[in-house]
Amino acid sequence: MKPIRISMGIWGNTNLVDRFNTKGFGEEVAVLDRIRQIGQIDGVDGIELHLPTEINDTNADDVARVLDDHNLQIVQLCGHTWTEKKYKHGALADSNPAVRQGAVDRVRAALDMGARFNVPISVLWPATDGNDFPLQADYLALYERYVQSCRRILDHVHANGYATKVCIEPKPFEPRTHIMMGNTAQALCIVNEIDDPSFGINLDVGHAMIASENVEDQLSLICRYGKLYHTHFNDNDQQCDADLPPGTINFLRLVQILYVLDQVGYDGWFGLDLFPYRDDPRKFIEISRDNLHKAAAVVDLMNENGARDLRAAGTGGPEMAILMRDCMGKVLAG
Ligand SMILES: [Mn+2]
């Protein structure tokens with residue numbers, strides 16, 4: 001496989017609250033200290049964060065200095081459009097034009113800040129654009145407004161000559177009962193409608209899995225259109241978006257995903273979107289890093305032992321299962 005470049009979302013390196021314990025189980029960590037923590041971990045070369053909650057005009061110079069100190073770069077900078085009261089019913093697709101304008105302005109501000117740091121990716125997560133009650137929201141109108149907002153964001157990208165790729169990150173539910181465009185193919189449908197080289201997909205593996213997706217199919221479909229610009233890795237048991245380290249629940253599935261990424265020659269970043277509510281974030285990151293590298297080694301060993309031919313024929317299910325098992329055995333015994 002091509003070298004694996006790992007970035008960590010700094011939202012996971014602090015006290016995390018859940019709805020049953022709104023104080024969390026840990027201690028608050030300042031943004032600069034979170035970046036320093038990540039910078040001390042071998043094999044992690046980038047961070048991901050939100051504007052204005054984690055980076056803003058007040059701390060940007062300090063962030064730049066800490067990044068330099070630790071040889072880190074910002075890989076993904078996302079405008080926060082779901083943490084304020086005004087976004088309770090939606091953001092880029094909200095029915096209120098003033099709310100939509102605020103969300104577009106927020107994303108533009110994230111792109112402006114990103115340009116200063118040469119950030120390659122900016123994610124759009126339609127967290128609150130959706131419904132809880134049946135027929136609460138008019139999805140025809142939601143899609144129309146969402147597409148219009150995306151076009152305005154992309155106009156800003158092009159008017160300024162920014163290289164940043166804007167990516168939709170689909171998720172089926174949470175915080176809303178249903179989030180619009182909740183699965184990979186739906187997001188891809190909108191990306192293909194907008195048809196802009198600066199607009200693509202961030203596939204979050206955990207989100208795809210709670211949508212019961214066959215991730216190797218979805219990745220292949222995104223790549224058919226050349227729209228896979230970023231990835232978020234984590235793991236769950238397909239009950240909720242648990243955001244555990246990739247490969248800890250289902251290592252075989254991680255191999256499956258990396259196999260397809262190798263096949264398509266993916267050269268983007270491997271983002272970590274982790275929520276260590278009870279545990280040391282450093283352990284989450286180190287396990288994630290090691291599992292990604294071990295899964296990549298399994299992919300390479302499978303290909304050295306005939307996986308490509310087996311797969312091209314599509315007739316050797318048991319043989320592929322044995323090859324995968326044996327390669328995993330060798331690498332993990334390793
Ligand atoms: Mn994510």
# chains A, B, ... in the order shown; residues from 1 in each chain; ligands from 1
call {"tool": "residues_near_ligand", "arguments": {"ligand": "ligand 1", "cutoff": "6 Å", "atoms": "only C-alpha atoms and all ligand atoms", "output": "PDB file with N, CA and C atoms, in the first residue's frame"}}
result
ATOM      1  N   ASP A 204     -16.865   8.462   6.459  1.00  0.00           N
ATOM      2  CA  ASP A 204     -16.610   8.090   7.848  1.00  0.00           C
ATOM      3  C   ASP A 204     -17.056   6.637   7.992  1.00  0.00           C
ATOM      4  N   HIS A 232     -12.561   9.122   7.360  1.00  0.00           N
ATOM      5  CA  HIS A 232     -12.544   9.111   8.822  1.00  0.00           C
ATOM      6  C   HIS A 232     -12.627   7.663   9.274  1.00  0.00           C
ATOM      7  N   ASP A 273     -11.410   9.815  13.773  1.00  0.00           N
ATOM      8  CA  ASP A 273     -12.535  10.490  14.422  1.00  0.00           C
ATOM      9  C   ASP A 273     -12.919   9.610  15.606  1.00  0.00           C
TER      10      ASP A 273
END
call {"tool": "residues_around", "arguments": {"residues": "stretch 185-196 of chain A", "least_positions_apart": "2", "cutoff": "10 Å", "atoms": "only C-alpha atoms", "output": "compact mmCIF listing (two decimals) with N, CA and C atoms, in the first residue's frame"}}
result
# COMPACT_ATOMS: atom_id res chain seq x y z
N TYR A 143 -33.35 19.58 0.33
CA TYR A 143 -32.33 19.32 -0.72
C TYR A 143 -32.08 20.56 -1.57
N TYR A 146 -30.08 22.97 0.54
CA TYR A 146 -28.73 22.47 0.80
C TYR A 146 -27.84 22.65 -0.43
N VAL A 147 -28.39 22.31 -1.58
CA VAL A 147 -27.60 22.43 -2.82
C VAL A 147 -27.26 23.90 -3.09
N GLN A 148 -28.23 24.78 -2.88
CA GLN A 148 -27.96 26.22 -3.08
C GLN A 148 -26.84 26.70 -2.15
N CYS A 150 -24.45 24.89 -0.81
CA CYS A 150 -23.17 24.31 -1.26
C CYS A 150 -22.62 25.08 -2.45
N ARG A 151 -23.49 25.47 -3.36
CA ARG A 151 -23.02 26.23 -4.53
C ARG A 151 -22.43 27.57 -4.11
N LEU A 154 -19.00 26.88 -2.73
CA LEU A 154 -18.03 26.57 -3.80
C LEU A 154 -17.69 27.82 -4.61
N LYS A 165 -10.51 21.10 -0.75
CA LYS A 165 -11.64 20.31 -1.22
C LYS A 165 -12.72 20.30 -0.13
N VAL A 166 -13.93 20.62 -0.52
CA VAL A 166 -15.06 20.59 0.40
C VAL A 166 -15.73 19.22 0.29
N CYS A 167 -15.96 18.58 1.43
CA CYS A 167 -16.46 17.20 1.42
C CYS A 167 -17.69 17.04 2.29
N ILE A 168 -18.74 16.42 1.75
CA ILE A 168 -19.87 16.02 2.58
C ILE A 168 -19.48 14.75 3.35
N GLU A 169 -19.81 14.74 4.65
CA GLU A 169 -19.63 13.53 5.46
C GLU A 169 -21.00 13.02 5.88
N PRO A 170 -21.54 12.02 5.18
CA PRO A 170 -22.87 11.56 5.52
C PRO A 170 -22.91 10.74 6.82
N LYS A 171 -24.03 10.84 7.51
CA LYS A 171 -24.30 10.04 8.72
C LYS A 171 -25.80 9.86 8.80
N MET A 180 -30.38 14.42 6.95
CA MET A 180 -30.58 14.35 5.49
C MET A 180 -29.38 13.73 4.80
N MET A 181 -29.63 13.10 3.66
CA MET A 181 -28.53 12.52 2.86
C MET A 181 -27.71 11.55 3.70
N GLY A 182 -28.40 10.67 4.45
CA GLY A 182 -27.73 9.93 5.51
C GLY A 182 -26.80 8.82 5.09
N ASN A 183 -26.82 8.41 3.84
CA ASN A 183 -25.88 7.35 3.47
C ASN A 183 -24.96 7.79 2.34
N SER A 198 -13.96 20.67 -6.80
CA SER A 198 -13.62 21.00 -5.41
C SER A 198 -14.61 20.40 -4.41
N PHE A 199 -15.49 19.53 -4.87
CA PHE A 199 -16.56 19.02 -4.02
C PHE A 199 -16.60 17.50 -4.08
N GLY A 200 -16.49 16.85 -2.91
CA GLY A 200 -16.47 15.40 -2.88
C GLY A 200 -16.99 14.84 -1.57
N ILE A 201 -16.48 13.67 -1.22
CA ILE A 201 -16.98 12.91 -0.07
C ILE A 201 -15.87 12.68 0.94
N ASN A 202 -16.23 12.81 2.22
CA ASN A 202 -15.44 12.24 3.30
C ASN A 202 -16.21 11.04 3.82
N LEU A 203 -15.70 9.84 3.58
CA LEU A 203 -16.39 8.65 4.09
C LEU A 203 -15.93 8.38 5.51
N GLU A 213 -24.09 -0.19 5.69
CA GLU A 213 -23.52 -0.21 4.35
C GLU A 213 -22.45 -1.31 4.22
N GLN A 218 -19.46 0.83 -1.15
CA GLN A 218 -19.63 2.30 -1.14
C GLN A 218 -18.33 3.00 -1.54
N LEU A 219 -17.20 2.49 -1.02
CA LEU A 219 -15.91 3.11 -1.39
C LEU A 219 -15.67 2.99 -2.89
N LEU A 221 -17.89 2.76 -5.22
CA LEU A 221 -18.81 3.64 -5.96
C LEU A 221 -18.30 5.09 -5.92
N ILE A 222 -17.86 5.55 -4.74
CA ILE A 222 -17.32 6.92 -4.65
C ILE A 222 -16.14 7.05 -5.61
N TYR A 225 -16.42 7.65 -9.36
CA TYR A 225 -16.60 9.04 -9.79
C TYR A 225 -15.44 9.95 -9.36
N LYS A 227 -14.41 10.77 -6.39
CA LYS A 227 -14.88 11.74 -5.39
C LYS A 227 -14.46 11.42 -3.96
N LEU A 228 -13.56 10.46 -3.77
CA LEU A 228 -13.11 10.17 -2.41
C LEU A 228 -11.94 11.08 -2.07
call {"tool": "select_by_dssp", "arguments": {"residues": "stretch 78-132 of chain A", "states": "alpha helix (DSSP H)", "output": "ChimeraX atom specification"}}
result
/A:97-116
call {"tool": "residues_around", "arguments": {"residues": "stretch 291-296 of chain A", "least_positions_apart": "6", "cutoff": "12 Å", "atoms": "only C-alpha atoms", "output": "ChimeraX atom specification"}}
result
/A:1-6,43-44,232-235,244-263,269-272,283-285,302-303,324-325,327-334
call {"tool": "write_last_selection", "arguments": {"atoms": "C-alpha atoms", "output": "CSV table (one decimal), in the first residue's frame"}}
result
chain,number,residue,atom,x,y,z
A,1,MET,CA,0.0,0.0,0.0
A,2,LYS,CA,1.0,3.6,-0.3
A,3,PRO,CA,2.3,5.2,3.0
A,4,ILE,CA,-0.5,5.8,5.5
A,5,ARG,CA,-0.7,9.4,6.6
A,6,ILE,CA,-2.7,9.8,9.8
A,43,GLY,CA,3.2,8.3,13.1
A,44,VAL,CA,0.6,11.0,13.4
A,232,HIS,CA,-12.5,9.1,8.8
A,233,PHE,CA,-11.6,5.9,10.6
A,234,ASN,CA,-13.2,4.5,13.8
A,235,ASP,CA,-15.1,1.3,14.7
A,244,LEU,CA,-13.7,3.3,19.0
A,245,PRO,CA,-10.3,2.8,17.4
A,246,PRO,CA,-10.5,1.3,13.9
A,247,GLY,CA,-10.0,-2.5,13.9
A,248,THR,CA,-10.9,-3.0,17.5
A,249,ILE,CA,-14.4,-4.3,16.9
A,250,ASN,CA,-13.9,-5.8,13.5
A,251,PHE,CA,-10.3,-6.1,12.2
A,252,LEU,CA,-11.3,-8.1,9.2
A,253,ARG,CA,-13.5,-5.2,8.1
A,254,LEU,CA,-10.6,-2.8,8.4
A,255,VAL,CA,-8.6,-5.1,6.1
A,256,GLN,CA,-11.6,-5.1,3.7
A,257,ILE,CA,-11.7,-1.3,3.6
A,258,LEU,CA,-7.9,-0.9,3.2
A,259,TYR,CA,-7.9,-3.5,0.4
A,260,VAL,CA,-10.2,-1.3,-1.6
A,261,LEU,CA,-8.3,1.9,-0.8
A,262,ASP,CA,-5.1,0.1,-2.0
A,263,GLN,CA,-6.9,-1.0,-5.2
A,269,TRP,CA,-5.2,11.1,4.6
A,270,PHE,CA,-6.5,8.5,7.1
A,271,GLY,CA,-8.4,10.7,9.6
A,272,LEU,CA,-9.1,9.5,13.1
A,283,LYS,CA,-4.1,4.8,23.7
A,284,PHE,CA,-7.0,5.3,21.3
A,285,ILE,CA,-4.6,7.0,18.8
A,302,MET,CA,-2.8,-11.0,0.4
A,303,ASN,CA,-1.8,-9.4,-2.8
A,324,MET,CA,-7.5,-13.4,4.4
A,325,ARG,CA,-7.5,-15.5,7.6
A,327,CYS,CA,-2.6,-13.4,6.1
A,328,MET,CA,-4.2,-11.9,9.2
A,329,GLY,CA,-2.8,-14.7,11.3
A,330,LYS,CA,0.7,-14.1,10.0
A,331,VAL,CA,0.7,-10.4,10.4
A,332,LEU,CA,-1.0,-10.3,13.8
A,333,ALA,CA,1.4,-13.1,15.1
A,334,GLY,CA,4.1,-10.9,13.8
call {"tool": "residues_around", "arguments": {"residues": "A:Asn59", "least_positions_apart": "6", "cutoff": "10 Å", "atoms": "only C-alpha atoms", "output": "VMD selection string"}}
result
chain A and resid 31 to 32 52
call {"tool": "write_last_selection", "arguments": {"atoms": "C-alpha atoms", "output": "PDB file, in the first residue's frame"}}
result
ATOM      1  CA  VAL A  31      -6.657  23.338  22.511  1.00  0.00           C
ATOM      2  CA  LEU A  32      -2.906  23.984  22.334  1.00  0.00           C
ATOM      3  CA  PRO A  52     -14.437  28.909  15.711  1.00  0.00           C
TER       4      PRO A  52
END
call {"tool": "closest_atom_pairs", "arguments": {"of": "stretch 18-126 of chain A", "to": "stretch 137-140 of chain A", "cutoff": "12 Å", "atoms": "only C-alpha atoms", "output": "CSV"}}
result
residue,atom,partner,partner_atom,distance
A:His89,CA,A:Ala137,CA,9.3
A:Gly90,CA,A:Ala137,CA,10.0
A:Ala93,CA,A:Tyr139,CA,9.5
A:Asp94,CA,A:Ala137,CA,9.6
A:Ser95,CA,A:Ala137,CA,9.2
call {"tool": "write_last_selection", "arguments": {"atoms": "C-alpha atoms", "output": "mmCIF file, in the first residue's frame"}}
result
data_model
loop_
_atom_site.group_PDB
_atom_site.id
_atom_site.type_symbol
_atom_site.label_atom_id
_atom_site.label_comp_id
_atom_site.auth_asym_id
_atom_site.auth_seq_id
_atom_site.Cartn_x
_atom_site.Cartn_y
_atom_site.Cartn_z
ATOM 1 C CA HIS A 89 -33.465 22.832 13.406
ATOM 2 C CA GLY A 90 -30.845 22.982 10.684
ATOM 3 C CA ALA A 93 -30.629 23.612 4.650
ATOM 4 C CA ASP A 94 -32.526 25.509 7.390
ATOM 5 C CA SER A 95 -35.853 27.068 6.398
#
call {"tool": "atom_distance", "arguments": {"atom1": "atom CA of A:Thr164", "atom2": "atom CA of A:Tyr266"}}
result
17.4 Å
call {"tool": "select_by_dssp", "arguments": {"residues": "stretch 60-294 of chain A", "states": "strand (DSSP E)", "output": "ChimeraX atom specification"}}
result
/A:73-79,121-124,130-131,165-168,178-179,199-204,228-233,270-272
call {"tool": "residues_around", "arguments": {"residues": "A:Asp57", "least_positions_apart": "2", "cutoff": "12 Å", "atoms": "only C-alpha atoms", "output": "PDB file with N, CA and C atoms, in the first residue's frame"}}
result
ATOM      1  N   LEU A  51     -13.726  25.424  13.370  1.00  0.00           N
ATOM      2  CA  LEU A  51     -13.751  26.885  13.568  1.00  0.00           C
ATOM      3  C   LEU A  51     -15.177  27.284  13.939  1.00  0.00           C
ATOM      4  N   PRO A  52     -15.396  28.138  14.926  1.00  0.00           N
ATOM      5  CA  PRO A  52     -14.437  28.909  15.711  1.00  0.00           C
ATOM      6  C   PRO A  52     -14.142  28.309  17.078  1.00  0.00           C
ATOM      7  N   THR A  53     -14.667  27.112  17.364  1.00  0.00           N
ATOM      8  CA  THR A  53     -14.589  26.561  18.713  1.00  0.00           C
ATOM      9  C   THR A  53     -13.186  26.104  19.087  1.00  0.00           C
ATOM     10  N   GLU A  54     -12.403  25.665  18.088  1.00  0.00           N
ATOM     11  CA  GLU A  54     -11.061  25.152  18.375  1.00  0.00           C
ATOM     12  C   GLU A  54      -9.954  26.004  17.753  1.00  0.00           C
ATOM     13  N   ILE A  55     -10.279  26.692  16.671  1.00  0.00           N
ATOM     14  CA  ILE A  55      -9.339  27.665  16.111  1.00  0.00           C
ATOM     15  C   ILE A  55     -10.136  28.893  15.699  1.00  0.00           C
ATOM     16  N   ASN A  59      -6.568  32.638  18.533  1.00  0.00           N
ATOM     17  CA  ASN A  59      -5.505  31.661  18.854  1.00  0.00           C
ATOM     18  C   ASN A  59      -4.752  31.138  17.627  1.00  0.00           C
ATOM     19  N   ALA A  60      -5.072  31.650  16.436  1.00  0.00           N
ATOM     20  CA  ALA A  60      -4.491  31.065  15.205  1.00  0.00           C
ATOM     21  C   ALA A  60      -2.962  31.144  15.192  1.00  0.00           C
ATOM     22  N   ASP A  61      -2.403  32.250  15.654  1.00  0.00           N
ATOM     23  CA  ASP A  61      -0.939  32.369  15.670  1.00  0.00           C
ATOM     24  C   ASP A  61      -0.318  31.332  16.612  1.00  0.00           C
ATOM     25  N   ASP A  62      -0.962  31.138  17.755  1.00  0.00           N
ATOM     26  CA  ASP A  62      -0.463  30.141  18.711  1.00  0.00           C
ATOM     27  C   ASP A  62      -0.574  28.732  18.138  1.00  0.00           C
ATOM     28  N   VAL A  63      -1.690  28.464  17.473  1.00  0.00           N
ATOM     29  CA  VAL A  63      -1.860  27.151  16.841  1.00  0.00           C
ATOM     30  C   VAL A  63      -0.747  26.927  15.821  1.00  0.00           C
ATOM     31  N   ALA A  64      -0.464  27.954  15.017  1.00  0.00           N
ATOM     32  CA  ALA A  64       0.583  27.835  13.989  1.00  0.00           C
ATOM     33  C   ALA A  64       1.927  27.501  14.631  1.00  0.00           C
ATOM     34  N   ALA A 109     -15.761  31.152   6.510  1.00  0.00           N
ATOM     35  CA  ALA A 109     -14.718  31.577   7.460  1.00  0.00           C
ATOM     36  C   ALA A 109     -13.721  30.446   7.707  1.00  0.00           C
ATOM     37  N   ALA A 110     -14.239  29.222   7.771  1.00  0.00           N
ATOM     38  CA  ALA A 110     -13.344  28.063   7.953  1.00  0.00           C
ATOM     39  C   ALA A 110     -12.433  27.907   6.735  1.00  0.00           C
ATOM     40  N   ASP A 112     -11.483  30.364   4.748  1.00  0.00           N
ATOM     41  CA  ASP A 112     -10.517  31.473   4.785  1.00  0.00           C
ATOM     42  C   ASP A 112      -9.366  31.154   5.741  1.00  0.00           C
ATOM     43  N   MET A 113      -9.727  30.662   6.935  1.00  0.00           N
ATOM     44  CA  MET A 113      -8.691  30.278   7.896  1.00  0.00           C
ATOM     45  C   MET A 113      -7.865  29.124   7.338  1.00  0.00           C
ATOM     46  N   GLY A 114      -8.530  28.171   6.693  1.00  0.00           N
ATOM     47  CA  GLY A 114      -7.849  27.009   6.122  1.00  0.00           C
ATOM     48  C   GLY A 114      -6.824  27.407   5.074  1.00  0.00           C
ATOM     49  N   ARG A 116      -5.011  29.971   4.989  1.00  0.00           N
ATOM     50  CA  ARG A 116      -3.804  30.445   5.662  1.00  0.00           C
ATOM     51  C   ARG A 116      -2.885  29.291   6.034  1.00  0.00           C
TER      52      ARG A 116
END
call {"tool": "closest_residue", "arguments": {"among": "A:Val66, A:Val99, A:Val298, A:Val205", "to": "A:Ile35", "atoms": "only C-alpha atoms"}}
result
A:Val66
call {"tool": "closest_residue", "arguments": {"among": "A:Gly79, A:Pro120, A:Pro126, A:Pro175", "to": "A:Leu92", "atoms": "only C-alpha atoms"}}
result
A:Pro126
call {"tool": "closest_residue", "arguments": {"among": "A:Ala313, A:Val264, A:Cys78, A:Ile41", "to": "A:Ser288", "atoms": "only C-alpha atoms"}}
result
A:Ile41
